[in-house]
Structure formats: structure tokens, C-alpha cells
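Student: This one is final_20.cif, mmCIF, C-alpha atoms.
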data_model
#
loop_
_atom_site.label_atom_id
_atom_site.label_comp_id
_atom_site.auth_asym_id
_atom_site.auth_seq_id
_atom_site.Cartn_x
_atom_site.Cartn_y
_atom_site.Cartn_z
CA MET A 28 60.76 71.33 48.86
CA ARG A 29 64.43 71.37 47.94
CA GLN A 30 65.74 74.34 46.03
CA GLN A 31 66.22 73.59 42.36
CA PRO A 32 69.76 73.93 40.98
CA PRO A 33 70.40 76.89 38.69
CA VAL A 34 68.66 76.47 35.38
CA ARG A 35 71.03 76.15 32.44
CA THR A 36 69.81 77.06 28.98
CA PRO A 37 69.82 73.92 26.80
CA PRO A 38 71.84 74.01 23.58
CA SER A 39 69.87 75.19 20.58
CA LEU A 40 68.71 72.69 17.99
CA GLY A 41 68.51 75.35 15.30
CA GLY A 42 71.65 74.15 13.54
CA LEU A 43 70.33 70.63 12.98
CA ASP A 44 68.67 69.49 9.81
CA ALA A 45 65.17 68.29 10.63
CA THR A 46 64.94 66.38 7.34
CA GLY A 47 68.34 64.76 7.56
CA ASN A 48 69.59 61.65 9.31
CA THR A 49 69.74 63.18 12.78
CA PRO A 50 67.37 61.31 15.13
CA HIS A 51 66.45 64.33 17.25
CA ALA A 52 62.99 64.79 15.75
CA GLN A 53 62.18 61.12 16.31
CA PHE A 54 63.37 61.32 19.92
CA LEU A 55 61.25 64.40 20.53
CA ALA A 56 58.18 62.83 18.92
CA THR A 57 58.58 59.67 21.02
CA GLU A 58 58.79 61.72 24.21
CA HIS A 59 55.78 63.78 23.11
CA TRP A 60 53.66 60.66 22.61
CA SER A 61 54.77 59.37 26.01
CA LEU A 62 53.67 62.59 27.69
CA LEU A 63 50.37 62.55 25.80
CA ALA A 64 49.67 58.98 26.96
CA THR A 65 50.53 59.86 30.55
CA ARG A 66 48.31 62.95 30.42
CA SER A 67 45.46 60.88 29.03
CA MET A 68 45.78 58.46 31.95
CA THR A 69 45.86 61.38 34.39
CA TRP A 70 42.65 62.84 32.96
CA ASN A 71 41.01 59.41 33.01
CA GLU A 72 41.94 59.12 36.68
CA ILE A 73 40.49 62.57 37.42
CA PHE A 74 37.20 61.75 35.70
CA SER A 75 37.07 58.28 37.24
CA ARG A 76 37.75 59.50 40.76
CA THR A 77 35.24 62.34 40.44
CA GLY A 78 32.58 59.99 39.05
CA THR A 79 33.22 57.41 41.76
CA TYR A 80 33.08 60.12 44.40
CA LEU A 81 29.71 61.39 43.20
CA THR A 82 28.38 57.83 42.91
CA VAL A 83 29.43 56.94 46.45
CA LEU A 84 28.02 60.23 47.76
CA SER A 85 24.70 59.62 46.01
CA ALA A 86 24.55 56.08 47.39
CA THR A 87 25.31 57.44 50.86
CA VAL A 88 22.48 59.96 50.65
CA ILE A 89 20.05 57.24 49.53
CA ALA A 90 21.21 54.95 52.36
CA LEU A 91 20.77 57.75 54.87
CA SER A 92 17.25 58.43 53.61
CA LEU A 93 16.32 54.74 54.03
CA VAL A 94 17.78 54.67 57.53
CA ALA A 95 15.94 57.89 58.37
CA ASN A 96 12.63 56.38 57.22
CA ALA A 97 13.28 53.30 59.34
CA THR A 98 14.53 55.04 62.49
CA GLY A 99 12.88 58.46 62.33
CA PHE A 100 16.16 60.41 62.57
CA GLY A 101 16.88 58.75 65.89
CA GLN A 102 20.12 57.64 67.49
CA ALA A 103 20.64 54.88 64.91
CA PHE A 104 20.44 57.43 62.07
CA ARG A 105 22.95 59.76 63.69
CA THR A 106 25.37 56.90 64.34
CA PHE A 107 25.06 55.67 60.76
CA ALA A 108 25.59 59.17 59.36
CA LEU A 109 28.72 59.72 61.47
CA LEU A 110 30.14 56.43 60.24
CA VAL A 111 29.32 56.80 56.54
CA LEU A 112 29.67 60.48 55.61
CA PRO A 113 33.41 60.88 56.44
CA VAL A 114 34.19 58.21 53.82
CA VAL A 115 33.48 60.61 50.93
CA VAL A 116 35.81 63.46 51.89
CA GLY A 117 39.20 62.01 50.80
CA THR A 118 39.01 62.43 47.02
CA TYR A 119 39.85 66.14 47.00
CA PHE A 120 43.53 65.76 47.85
CA ARG A 121 44.24 63.27 45.07
CA LEU A 122 42.48 65.50 42.53
CA VAL A 123 44.74 68.41 43.51
CA GLU A 124 47.81 66.21 43.06
CA ALA A 125 46.52 65.01 39.67
CA ASP A 126 46.03 68.60 38.51
CA ILE A 127 49.63 69.40 39.50
CA GLU A 128 50.89 66.36 37.60
CA ASP A 129 48.88 67.47 34.56
CA ALA A 130 50.49 70.91 34.72
CA TRP A 131 53.96 69.32 34.67
CA LEU A 132 52.99 67.26 31.62
CA VAL A 133 51.81 70.42 29.85
CA ILE A 134 55.11 72.12 30.65
CA GLY A 135 57.00 69.14 29.24
CA MET A 136 55.03 69.22 25.99
CA ASN A 137 55.54 72.98 25.68
CA ARG A 138 59.29 72.41 25.90
CA LEU A 139 59.08 69.80 23.16
CA ARG A 140 57.19 72.26 20.92
CA HIS A 141 59.99 74.74 21.54
CA ALA A 142 62.45 72.14 20.29
CA TYR A 143 60.27 71.48 17.23
CA LEU A 144 60.35 75.17 16.38
CA GLU A 145 64.11 75.28 16.77
CA LEU A 146 64.29 72.50 14.20
CA ALA A 147 61.67 74.07 11.92
CA PRO A 148 60.96 77.74 12.84
CA GLU A 149 58.68 78.21 9.84
CA LEU A 150 56.02 76.04 11.53
CA GLU A 151 55.33 78.54 14.31
CA PRO A 152 52.21 80.11 12.68
CA TYR A 153 50.55 76.68 12.64
CA PHE A 154 50.99 75.97 16.38
CA VAL A 155 47.92 76.72 18.49
CA ALA A 156 49.39 75.57 21.81
CA SER A 157 52.30 77.43 23.38
CA HIS A 158 55.99 76.60 23.06
CA HIS A 159 56.96 78.41 26.29
CA ASP A 160 57.21 76.68 29.66
CA ASP A 161 56.33 79.60 31.93
CA THR A 162 52.93 80.30 33.47
CA PRO A 163 51.47 82.27 30.51
CA GLY A 164 52.66 79.54 28.15
CA MET A 165 51.09 76.81 30.26
CA LEU A 166 47.79 78.70 30.46
CA GLN A 167 47.80 79.24 26.71
CA THR A 168 48.08 75.50 26.18
CA TYR A 169 45.31 74.87 28.71
CA SER A 170 42.82 77.44 27.48
CA PHE A 171 44.44 79.07 24.39
CA ARG A 172 44.86 82.38 26.18
CA SER A 173 47.45 83.72 28.63
CA ARG A 174 44.87 84.48 31.33
CA VAL A 175 41.89 82.48 32.53
CA GLY A 176 38.85 83.80 34.37
CA LEU A 177 37.41 82.87 37.73
CA THR A 178 34.77 80.64 36.16
CA HIS A 179 37.50 78.48 34.61
CA TRP A 180 39.05 77.79 38.02
CA LEU A 181 35.69 77.26 39.74
CA SER A 182 34.67 74.66 37.17
CA GLY A 183 37.65 72.41 37.91
CA SER A 184 37.06 69.00 39.47
CA PRO A 185 39.05 69.71 42.68
CA VAL A 186 37.03 72.88 43.35
CA ILE A 187 33.69 71.17 42.77
CA VAL A 188 34.64 68.23 44.97
CA GLY A 189 36.04 70.60 47.61
CA ILE A 190 32.76 72.53 47.75
CA ILE A 191 30.81 69.29 48.14
CA ASP A 192 33.23 68.21 50.90
CA ALA A 193 32.57 71.47 52.72
CA VAL A 194 28.82 70.90 52.49
CA VAL A 195 29.25 67.33 53.77
CA THR A 196 31.25 68.73 56.69
CA GLY A 197 28.35 71.04 57.46
CA VAL A 198 25.94 68.08 57.41
CA LEU A 199 28.19 66.15 59.78
CA THR A 200 28.28 69.15 62.08
CA ALA A 201 24.47 69.29 62.07
CA VAL A 202 24.29 65.61 62.97
CA VAL A 203 26.74 66.06 65.83
CA CYS A 204 24.90 69.13 67.13
CA GLN A 205 21.61 67.26 67.00
CA ALA A 206 23.15 64.35 68.91
CA LEU A 207 24.32 66.79 71.59
CA GLY A 208 20.86 68.33 71.85
CA ALA A 209 21.76 71.78 70.47
CA GLY A 210 18.97 74.16 69.52
CA VAL A 211 18.06 75.15 65.98
CA VAL A 212 19.81 78.52 66.11
CA LEU A 213 23.01 77.16 67.59
CA ARG A 214 22.94 74.26 65.14
CA THR A 215 22.54 76.61 62.16
CA ILE A 216 25.41 78.83 63.29
CA ALA A 217 27.64 75.80 63.83
CA VAL A 218 26.80 74.41 60.38
CA VAL A 219 27.59 77.70 58.62
CA ILE A 220 30.87 78.10 60.49
CA ALA A 221 31.91 74.49 59.86
CA THR A 222 31.08 74.71 56.16
CA LEU A 223 33.00 77.94 55.65
CA ALA A 224 35.92 76.67 57.72
CA ALA A 225 36.10 73.44 55.73
CA ALA A 226 35.97 75.31 52.41
CA THR A 227 38.70 77.70 53.58
CA LEU A 228 40.88 74.87 54.89
CA LEU A 229 40.58 72.79 51.72
CA GLY A 230 41.26 75.84 49.56
CA ALA A 231 44.32 76.72 51.65
CA ILE A 232 45.67 73.17 51.42
CA GLY A 233 45.20 73.11 47.64
CA TYR A 234 46.82 76.52 47.22
CA ARG A 235 49.74 75.49 49.43
CA LYS A 236 50.38 72.35 47.37
CA VAL A 237 50.37 74.35 44.13
CA HIS A 238 52.54 77.09 45.65
CA GLN A 239 55.11 74.59 46.92
CA VAL A 240 55.51 73.17 43.43
CA SER A 241 55.64 76.52 41.60
CA ARG A 242 57.75 78.43 44.14
CA ASP A 243 61.12 77.05 43.08
CA TYR A 244 60.28 76.40 39.45
CA ARG A 245 62.32 78.30 36.87
CA PRO A 246 61.20 78.16 33.21
CA ARG A 247 63.81 77.33 30.61
CA PHE A 248 61.98 78.94 27.70
CA PRO A 249 59.96 81.91 29.07
CA SER A 250 57.70 84.03 26.92
#
Give the structure from this file in C-alpha cells form.

Tutor:
Amino acid sequence: MRQQPPVRTPPSLGGLDATGNTPHAQFLATEHWSLLATRSMTWNEIFSRTGTYLTVLSATVIALSLVANATGFGQAFRTFALLVLPVVVGTYFRLVEADIEDAWLVIGMNRLRHAYLELAPELEPYFVASHHDDTPGMLQTYSFRSRVGLTHWLSGSPVIVGIIDAVVTGVLTAVVCQALGAGVVLRTIAVVIATLAAATLLGAIGYRKVHQVSRDYRPRFPS
């Protein structure tokens, strides 16, 4: 990612009259509504993709059970499983990107709140969300506190889908091992290793994407 240019502090809006004829408040409100609409579409995409993913996965499991009943877990079942199961593992990466986009939208709205308070500082006690665009400010807008616990992160859609992807990878590994004639012990070890490796790899990829975005970011209105 290219290095961001030095951040310049924007001019203060404190000298403007929020009730006068200056259009700044209207401009800010229009931008705020635009960001809200975009964030709504992002969340709809996250929910839609997650729901579609779980639906396709459920349909795949049902199809595999029908094939297993018909073929007795034979060669046809293993071939079908190897063809169908990899289809459900691509949703994770888009969910990570959508979460990053949502974070940028939150930062944008926090900056707009900062501008509102420069126009009308007396409104600050009534604002629940943050008006700072640094990490604590973003987290306050997300969860109304400057720190979030582990359960908050684990309950996110990318994490849930990533865990399911890791389990699916373990199932694929079991199918491959069975096709190669591996024993039960070797198959179990391979499944555990593949599942943990997939979970670690997906987590590392997600963390790297987030780190690349946040590494060069410099807040304009820190806490």
C-alpha cells in the first residue's frame, strides 16, 4: 500500500454560524446520509452473503447425505464431495473486505460528528457515538466503549465463516485420505492438522488485510 501523504489538520468550523445562511451544515448532513446509506448496503451484503453461504453449505451437506445413501460412501461419493465442498470456501475473503469498508464508513461519520460539534459544541453531551476518527473513537461508535472483548470479535461474520471454512477443509482432507486408503489414526491426525492450518491461514490473511489498511492511516481528529 502506498504511503499516505502527511495529514494536514482541516480548518476549524467553529467560527461559522450553524443557524445562519452558511450551507456547511447541509453539506455535512448530505454526506452523513450518503455514508449511512452506503453502510446499510454494506451490512445488507454481509448478511446476504453469510445467509447464502450457510444455505449453500446446508444444501451441500444434504446432497452429500443423499449421495452417501445411494453409493455407500464409495468412489462416487468421494468424487462428488471433492467437487462440491470447495465451492463454499470463498465467502470469507469478501466478508473481511466488507468489514474493512464498514470501518472506513464509521471513520467518515465520526469525522462528520466532529464537524457538527465544531459548529455547535453545546451538543456534545447528547452524542452517544464518537466524534474522533482514531481506533478508540471507531470502537466507541461500534460498541459504545473504547475496548471490545474477545467474544465481540469471535461473533463477527468473517470469524464464524472462517471457522466453518476450516472445518470444511478438514472434511475435504478426510475424504482425500479415505480415497488414498489411509488408516483411521493417520486420517484423524491429517484432519486435525488441516483444520488448524486452514484456521490459522484464514486468520493470518484477514489480519494482514486489516493491518495493511490501518498501517499507514493517520487520524485527523484523535481522542

Student: To one decimal in Å, tell me the separation between atom CA of A:Val175 and atom CA of A:Ala156.

Tutor: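 Straight-line distance from atom CA of A:Val175 to atom CA of A:Ala156 works out to 14.8 Å.
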
Student: Have a look at A:Val240, A:Val212, A:Leu112, A:Leu139 and name the one nearest to A:Gly197; count only C-alpha atoms.

Tutor: A:Leu112

Student: Since I can't run it myself right now, could you work out what the PyMOL selection byres ((chain A and resi 136) around 12) selects here and report it as a VMD selection string?

Tutor: chain A and resid 55 to 66 129 to 135 137 to 143 156 to 160 164 to 165 168 to 169

Student: Any chance you could resolve the PyMOL selection byres ((chain A and resi 125) around 12) against this file and give the residues as a PyMOL selection string?

Tutor: chain A and resi 65-77+118-124+126-132+183-185+233+236-237

Student: I need the output of the PyMOL selection byres ((chain A and resi 84-89) around 10) for this file as a list of chain:residue names; which residues are they?

Tutor: A:Gly78, A:Thr79, A:Tyr80, A:Leu81, A:Thr82, A:Val83, A:Ala90, A:Leu91, A:Ser92, A:Leu93, A:Val94, A:Ala95, A:Ala108, A:Val111, A:Leu112, A:Val114, A:Val115, A:Val116, A:Ile191, A:Val195

Student: Write the selection just made, keeping C-alpha atoms, as a compact mmCIF listing (two decimals), in the coordinates of the input?

Tutor:
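Heads up, here's the output in result37.txt:
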# COMPACT_ATOMS: atom_id res chain seq x y z
CA GLY A 78 32.58 59.99 39.05
CA THR A 79 33.22 57.41 41.76
CA TYR A 80 33.08 60.12 44.40
CA LEU A 81 29.71 61.39 43.20
CA THR A 82 28.38 57.83 42.91
CA VAL A 83 29.43 56.94 46.45
CA ALA A 90 21.21 54.95 52.36
CA LEU A 91 20.77 57.75 54.87
CA SER A 92 17.25 58.43 53.61
CA LEU A 93 16.32 54.74 54.03
CA VAL A 94 17.78 54.67 57.53
CA ALA A 95 15.94 57.89 58.37
CA ALA A 108 25.59 59.17 59.36
CA VAL A 111 29.32 56.80 56.54
CA LEU A 112 29.67 60.48 55.61
CA VAL A 114 34.19 58.21 53.82
CA VAL A 115 33.48 60.61 50.93
CA VAL A 116 35.81 63.46 51.89
CA ILE A 191 30.81 69.29 48.14
CA VAL A 195 29.25 67.33 53.77

Student: How far is it from atom CA of A:Ala209 to atom CA of A:Asn96, in Å with one decimal?

Tutor: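 It comes out at 22.3 Å.
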
Student: Using atom CA of A:Leu223 and atom CA of A:Thr106 as the two end points, give the distance in Å to one decimal.

Tutor: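 Atom CA of A:Thr106 lies 24.0 Å from atom CA of A:Leu223.
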
Student: Near A:Gln205, within 9 Å and counting all atoms listed in the file, which residues show up once chain neighbours fewer than 6 positions away are dropped, as a list in words?

Tutor: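 Everything that qualifies: Arg105, Val211 and Arg214 of chain A.
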
Student: Mind dumping the selected residues with C-alpha atoms as a PDB file, in the coordinates of the input?

Tutor:
ATOM      1  CA  ARG A 105      22.950  59.760  63.690  1.00  0.00           C
ATOM      2  CA  VAL A 211      18.060  75.150  65.980  1.00  0.00           C
ATOM      3  CA  ARG A 214      22.940  74.260  65.140  1.00  0.00           C
TER       4      ARG A 214
END

Student: Go ahead and find all residues with at least one atom no further than 7 Å from (36.7, 72.3, 52.9) in the file's coordinates, using all atoms listed in the file; report them as a VMD selection string.

Tutor: chain A and resid 189 to 190 192 to 193 222 224 to 230

Student: Using the incomplete input, complete stretch 213-244 of chain A to the level of N, CA and C atoms; output as a PDB file, in the frame of the given file.

Tutor:
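Contents of result.pdb, freshly written:
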ATOM      1  N   LEU A 213      21.615  77.536  67.367  1.00  0.00           N
ATOM      2  CA  LEU A 213      23.010  77.160  67.590  1.00  0.00           C
ATOM      3  C   LEU A 213      23.475  76.167  66.529  1.00  0.00           C
ATOM      4  N   ARG A 214      22.601  75.253  66.152  1.00  0.00           N
ATOM      5  CA  ARG A 214      22.940  74.260  65.140  1.00  0.00           C
ATOM      6  C   ARG A 214      23.194  74.932  63.781  1.00  0.00           C
ATOM      7  N   THR A 215      22.372  75.910  63.441  1.00  0.00           N
ATOM      8  CA  THR A 215      22.540  76.610  62.160  1.00  0.00           C
ATOM      9  C   THR A 215      23.849  77.380  62.126  1.00  0.00           C
ATOM     10  N   ILE A 216      24.149  78.069  63.222  1.00  0.00           N
ATOM     11  CA  ILE A 216      25.410  78.830  63.290  1.00  0.00           C
ATOM     12  C   ILE A 216      26.604  77.885  63.170  1.00  0.00           C
ATOM     13  N   ALA A 217      26.538  76.763  63.870  1.00  0.00           N
ATOM     14  CA  ALA A 217      27.640  75.800  63.830  1.00  0.00           C
ATOM     15  C   ALA A 217      27.824  75.230  62.427  1.00  0.00           C
ATOM     16  N   VAL A 218      26.722  74.962  61.739  1.00  0.00           N
ATOM     17  CA  VAL A 218      26.800  74.410  60.380  1.00  0.00           C
ATOM     18  C   VAL A 218      27.440  75.414  59.431  1.00  0.00           C
ATOM     19  N   VAL A 219      27.029  76.678  59.507  1.00  0.00           N
ATOM     20  CA  VAL A 219      27.590  77.700  58.620  1.00  0.00           C
ATOM     21  C   VAL A 219      29.088  77.868  58.873  1.00  0.00           C
ATOM     22  N   ILE A 220      29.454  77.932  60.147  1.00  0.00           N
ATOM     23  CA  ILE A 220      30.870  78.100  60.490  1.00  0.00           C
ATOM     24  C   ILE A 220      31.689  76.909  60.020  1.00  0.00           C
ATOM     25  N   ALA A 221      31.171  75.688  60.251  1.00  0.00           N
ATOM     26  CA  ALA A 221      31.910  74.490  59.860  1.00  0.00           C
ATOM     27  C   ALA A 221      32.062  74.401  58.350  1.00  0.00           C
ATOM     28  N   THR A 222      31.011  74.762  57.614  1.00  0.00           N
ATOM     29  CA  THR A 222      31.080  74.710  56.160  1.00  0.00           C
ATOM     30  C   THR A 222      32.097  75.695  55.612  1.00  0.00           C
ATOM     31  N   LEU A 223      32.048  76.932  56.108  1.00  0.00           N
ATOM     32  CA  LEU A 223      33.000  77.940  55.650  1.00  0.00           C
ATOM     33  C   LEU A 223      34.429  77.583  56.054  1.00  0.00           C
ATOM     34  N   ALA A 224      34.582  77.051  57.268  1.00  0.00           N
ATOM     35  CA  ALA A 224      35.920  76.670  57.720  1.00  0.00           C
ATOM     36  C   ALA A 224      36.481  75.539  56.881  1.00  0.00           C
ATOM     37  N   ALA A 225      35.641  74.560  56.558  1.00  0.00           N
ATOM     38  CA  ALA A 225      36.100  73.440  55.730  1.00  0.00           C
ATOM     39  C   ALA A 225      36.481  73.913  54.330  1.00  0.00           C
ATOM     40  N   ALA A 226      35.658  74.787  53.743  1.00  0.00           N
ATOM     41  CA  ALA A 226      35.970  75.310  52.410  1.00  0.00           C
ATOM     42  C   ALA A 226      37.275  76.094  52.431  1.00  0.00           C
ATOM     43  N   THR A 227      37.464  76.919  53.468  1.00  0.00           N
ATOM     44  CA  THR A 227      38.700  77.700  53.580  1.00  0.00           C
ATOM     45  C   THR A 227      39.913  76.803  53.769  1.00  0.00           C
ATOM     46  N   LEU A 228      39.764  75.776  54.624  1.00  0.00           N
ATOM     47  CA  LEU A 228      40.880  74.870  54.890  1.00  0.00           C
ATOM     48  C   LEU A 228      41.271  74.086  53.637  1.00  0.00           C
ATOM     49  N   LEU A 229      40.281  73.551  52.929  1.00  0.00           N
ATOM     50  CA  LEU A 229      40.580  72.790  51.720  1.00  0.00           C
ATOM     51  C   LEU A 229      41.210  73.685  50.652  1.00  0.00           C
ATOM     52  N   GLY A 230      40.681  74.898  50.512  1.00  0.00           N
ATOM     53  CA  GLY A 230      41.260  75.840  49.560  1.00  0.00           C
ATOM     54  C   GLY A 230      42.694  76.187  49.911  1.00  0.00           C
ATOM     55  N   ALA A 231      42.961  76.390  51.209  1.00  0.00           N
ATOM     56  CA  ALA A 231      44.320  76.720  51.650  1.00  0.00           C
ATOM     57  C   ALA A 231      45.276  75.561  51.400  1.00  0.00           C
ATOM     58  N   ILE A 232      44.814  74.335  51.651  1.00  0.00           N
ATOM     59  CA  ILE A 232      45.670  73.170  51.420  1.00  0.00           C
ATOM     60  C   ILE A 232      45.986  73.032  49.931  1.00  0.00           C
ATOM     61  N   GLY A 233      44.966  73.190  49.083  1.00  0.00           N
ATOM     62  CA  GLY A 233      45.200  73.110  47.640  1.00  0.00           C
ATOM     63  C   GLY A 233      46.145  74.185  47.152  1.00  0.00           C
ATOM     64  N   TYR A 234      45.940  75.413  47.626  1.00  0.00           N
ATOM     65  CA  TYR A 234      46.820  76.520  47.220  1.00  0.00           C
ATOM     66  C   TYR A 234      48.252  76.274  47.693  1.00  0.00           C
ATOM     67  N   ARG A 235      48.396  75.736  48.900  1.00  0.00           N
ATOM     68  CA  ARG A 235      49.740  75.490  49.430  1.00  0.00           C
ATOM     69  C   ARG A 235      50.466  74.441  48.597  1.00  0.00           C
ATOM     70  N   LYS A 236      49.757  73.385  48.188  1.00  0.00           N
ATOM     71  CA  LYS A 236      50.380  72.350  47.370  1.00  0.00           C
ATOM     72  C   LYS A 236      50.859  72.939  46.036  1.00  0.00           C
ATOM     73  N   VAL A 237      50.003  73.745  45.408  1.00  0.00           N
ATOM     74  CA  VAL A 237      50.370  74.350  44.130  1.00  0.00           C
ATOM     75  C   VAL A 237      51.532  75.327  44.322  1.00  0.00           C
ATOM     76  N   HIS A 238      51.489  76.110  45.396  1.00  0.00           N
ATOM     77  CA  HIS A 238      52.540  77.090  45.650  1.00  0.00           C
ATOM     78  C   HIS A 238      53.877  76.416  45.919  1.00  0.00           C
ATOM     79  N   GLN A 239      53.867  75.296  46.646  1.00  0.00           N
ATOM     80  CA  GLN A 239      55.110  74.590  46.920  1.00  0.00           C
ATOM     81  C   GLN A 239      55.773  74.100  45.633  1.00  0.00           C
ATOM     82  N   VAL A 240      54.956  73.670  44.682  1.00  0.00           N
ATOM     83  CA  VAL A 240      55.510  73.170  43.430  1.00  0.00           C
ATOM     84  C   VAL A 240      56.034  74.315  42.562  1.00  0.00           C
ATOM     85  N   SER A 241      55.283  75.422  42.507  1.00  0.00           N
ATOM     86  CA  SER A 241      55.640  76.520  41.600  1.00  0.00           C
ATOM     87  C   SER A 241      56.662  77.483  42.185  1.00  0.00           C
ATOM     88  N   ARG A 242      56.874  77.435  43.498  1.00  0.00           N
ATOM     89  CA  ARG A 242      57.750  78.430  44.140  1.00  0.00           C
ATOM     90  C   ARG A 242      59.169  78.378  43.618  1.00  0.00           C
ATOM     91  N   ASP A 243      59.723  77.194  43.490  1.00  0.00           N
ATOM     92  CA  ASP A 243      61.120  77.050  43.080  1.00  0.00           C
ATOM     93  C   ASP A 243      61.285  76.737  41.599  1.00  0.00           C
ATOM     94  N   TYR A 244      60.187  76.729  40.873  1.00  0.00           N
ATOM     95  CA  TYR A 244      60.280  76.400  39.450  1.00  0.00           C
ATOM     96  C   TYR A 244      60.828  77.575  38.657  1.00  0.00           C
TER      97      TYR A 244
END
